[in-house]
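Quick look at final20.txt (compact mmCIF, C-alpha atoms):
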# COMPACT_ATOMS: atom_id res chain seq x y z
CA MET A 192 -20.53 15.97 -32.20
CA SER A 193 -16.73 16.09 -31.96
CA ASP A 194 -14.61 12.98 -32.11
CA VAL A 195 -13.05 11.78 -28.84
CA THR A 196 -9.76 9.92 -28.74
CA ARG A 197 -9.39 7.37 -25.93
CA ILE A 198 -5.87 7.08 -24.49
CA ASP A 199 -5.12 4.16 -22.14
CA VAL A 200 -3.44 5.68 -19.05
CA THR A 201 -4.02 2.68 -16.77
CA ASP A 202 -0.30 1.96 -16.25
CA ARG A 203 0.31 5.54 -15.10
CA VAL A 204 -2.58 5.83 -12.61
CA ARG A 205 -1.55 5.65 -8.95
CA GLY A 206 -3.70 5.03 -5.90
CA ILE A 207 -3.23 6.59 -2.48
CA LEU A 208 -5.06 4.94 0.41
CA LYS A 209 -6.69 7.59 2.63
CA GLU A 210 -9.22 6.76 5.31
CA SER A 211 -11.98 4.74 3.61
CA GLU A 212 -11.12 5.46 -0.02
CA ILE A 213 -8.40 5.25 -2.64
CA ILE A 214 -7.55 8.54 -4.31
CA LEU A 215 -6.67 7.92 -7.97
CA THR A 216 -4.04 10.23 -9.45
CA LEU A 217 -2.41 10.77 -12.82
CA ASN A 218 0.72 12.94 -12.94
CA ASP A 219 0.06 13.98 -9.31
CA ARG A 220 -3.43 15.27 -10.20
CA GLU A 221 -6.52 13.67 -8.68
CA ILE A 222 -8.67 12.00 -11.34
CA GLY A 223 -11.07 9.97 -9.20
CA ARG A 224 -11.85 8.10 -5.99
CA VAL A 225 -12.79 4.57 -5.01
CA SER A 226 -14.90 4.23 -1.85
CA LEU A 227 -13.98 1.31 0.40
CA THR A 228 -15.55 -0.56 3.27
CA PRO A 229 -13.57 -2.66 5.79
CA ASP A 230 -15.19 -5.88 4.54
CA CYS A 231 -13.95 -5.33 0.96
CA PHE A 232 -10.28 -5.80 1.99
CA GLN A 233 -8.62 -9.19 1.64
CA PHE A 234 -5.15 -9.42 3.17
CA HIS A 235 -2.56 -12.17 3.17
CA ASP A 236 -1.63 -13.79 6.48
CA GLY A 237 0.22 -11.40 8.74
CA TYR A 238 -1.63 -8.23 7.67
CA GLU A 239 -4.84 -6.57 8.84
CA ILE A 240 -6.80 -3.32 8.70
CA HIS A 241 -7.88 -1.43 11.80
CA SER A 242 -9.29 2.10 12.05
CA HIS A 243 -8.52 2.80 8.37
CA ARG A 244 -4.82 1.83 8.85
CA ILE A 245 -3.00 -1.25 7.48
CA PHE A 246 -0.84 -3.19 9.91
CA ARG A 247 1.75 -5.94 9.53
CA LEU A 248 1.49 -8.44 12.39
CA ASP A 249 4.83 -9.50 13.86
CA SER A 250 5.15 -12.30 16.37
CA ALA A 251 6.26 -11.07 19.79
CA ASP A 252 8.84 -13.86 19.99
CA VAL A 253 10.68 -12.76 16.82
CA LEU A 254 14.19 -11.60 17.65
CA LYS A 255 14.71 -7.99 16.66
CA HIS A 256 18.22 -6.95 15.65
CA SER A 257 19.48 -3.50 16.53
CA HIS A 258 21.36 -3.21 13.22
CA TYR A 259 21.71 -5.20 10.00
CA ALA A 260 25.16 -6.68 10.80
CA GLU A 261 24.27 -8.00 14.25
CA ASP A 262 25.05 -11.70 14.74
CA CYS A 263 27.46 -11.66 11.78
CA ASP A 264 31.12 -12.64 12.08
CA MET A 265 32.96 -9.39 12.93
CA GLY A 266 30.08 -7.35 11.49
CA TRP A 267 30.47 -8.71 7.96
CA CYS A 268 27.72 -10.72 6.32

Render the structure in this file as structure tokens.
Amino acid sequence: MSDVTRIDVTDRVRGILKESEIILTLNDREIGRVSLTPDCFQFHDGYEIHSHRIFRLDSADVLKHSHYAEDCDMGWC
């Protein structure tokens, strides 16, 4: 039996959320998958999952600015 060296790659693994699973990749190559169900998600206030998509919930009464310098003195903040 040949010897096997274990190399910790945890810090380099990335997850991509697709539909009902997380695709695990290392150096842009798929190395695994994690299956998910809607009840396994726990979100902070203001976020939710619906139809396999993650949404941020914004209050309808929040004032939306058309650009970052709006309401600043002469456009400078």

May I have the residues within 12 Å of region 205-218 of chain A as a PDB file with C-alpha atoms, in the coordinates of the input, using only C-alpha atoms and disregarding those fewer than 3 positions away in the same chain?
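Result file is part14.pdb:
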ATOM      1  CA  ASP A 199      -5.120   4.160 -22.140  1.00  0.00           C
ATOM      2  CA  VAL A 200      -3.440   5.680 -19.050  1.00  0.00           C
ATOM      3  CA  THR A 201      -4.020   2.680 -16.770  1.00  0.00           C
ATOM      4  CA  ASP A 202      -0.300   1.960 -16.250  1.00  0.00           C
ATOM      5  CA  GLU A 221      -6.520  13.670  -8.680  1.00  0.00           C
ATOM      6  CA  ILE A 222      -8.670  12.000 -11.340  1.00  0.00           C
ATOM      7  CA  GLY A 223     -11.070   9.970  -9.200  1.00  0.00           C
ATOM      8  CA  ARG A 224     -11.850   8.100  -5.990  1.00  0.00           C
ATOM      9  CA  VAL A 225     -12.790   4.570  -5.010  1.00  0.00           C
ATOM     10  CA  SER A 226     -14.900   4.230  -1.850  1.00  0.00           C
ATOM     11  CA  LEU A 227     -13.980   1.310   0.400  1.00  0.00           C
ATOM     12  CA  THR A 228     -15.550  -0.560   3.270  1.00  0.00           C
ATOM     13  CA  PRO A 229     -13.570  -2.660   5.790  1.00  0.00           C
ATOM     14  CA  ASP A 230     -15.190  -5.880   4.540  1.00  0.00           C
ATOM     15  CA  CYS A 231     -13.950  -5.330   0.960  1.00  0.00           C
ATOM     16  CA  PHE A 232     -10.280  -5.800   1.990  1.00  0.00           C
ATOM     17  CA  ILE A 240      -6.800  -3.320   8.700  1.00  0.00           C
ATOM     18  CA  HIS A 241      -7.880  -1.430  11.800  1.00  0.00           C
ATOM     19  CA  SER A 242      -9.290   2.100  12.050  1.00  0.00           C
ATOM     20  CA  HIS A 243      -8.520   2.800   8.370  1.00  0.00           C
ATOM     21  CA  ARG A 244      -4.820   1.830   8.850  1.00  0.00           C
ATOM     22  CA  ILE A 245      -3.000  -1.250   7.480  1.00  0.00           C
TER      23      ILE A 245
END

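For the pair CA of Val204 (chain A) and CA of Phe234 (chain A), the separation is 22.1 Å.
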
Please indicate the distance in Å from CA of Arg220 (chain A) to CA of Arg203 (chain A), rounded to one decimal place.
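Atom-to-atom, CA of Arg220 (chain A) to CA of Arg203 (chain A), that is 11.5 Å.
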
Taking (-1.4, -7.3, 8.6) in the file's coordinates as the center, which residues reach within 9 Å of it, counting all atoms listed in the file, put as JSON, numbers by chain?
{"A": [234, 235, 236, 237, 238, 239, 240, 245, 246, 247, 248, 249]}

Preceding selection exported with C-alpha atoms as an mmCIF file, in the frame of the given file:
data_model
loop_
_atom_site.group_PDB
_atom_site.id
_atom_site.type_symbol
_atom_site.label_atom_id
_atom_site.label_comp_id
_atom_site.auth_asym_id
_atom_site.auth_seq_id
_atom_site.Cartn_x
_atom_site.Cartn_y
_atom_site.Cartn_z
ATOM 1 C CA PHE A 234 -5.150 -9.420 3.170
ATOM 2 C CA HIS A 235 -2.560 -12.170 3.170
ATOM 3 C CA ASP A 236 -1.630 -13.790 6.480
ATOM 4 C CA GLY A 237 0.220 -11.400 8.740
ATOM 5 C CA TYR A 238 -1.630 -8.230 7.670
ATOM 6 C CA GLU A 239 -4.840 -6.570 8.840
ATOM 7 C CA ILE A 240 -6.800 -3.320 8.700
ATOM 8 C CA ILE A 245 -3.000 -1.250 7.480
ATOM 9 C CA PHE A 246 -0.840 -3.190 9.910
ATOM 10 C CA ARG A 247 1.750 -5.940 9.530
ATOM 11 C CA LEU A 248 1.490 -8.440 12.390
ATOM 12 C CA ASP A 249 4.830 -9.500 13.860
#
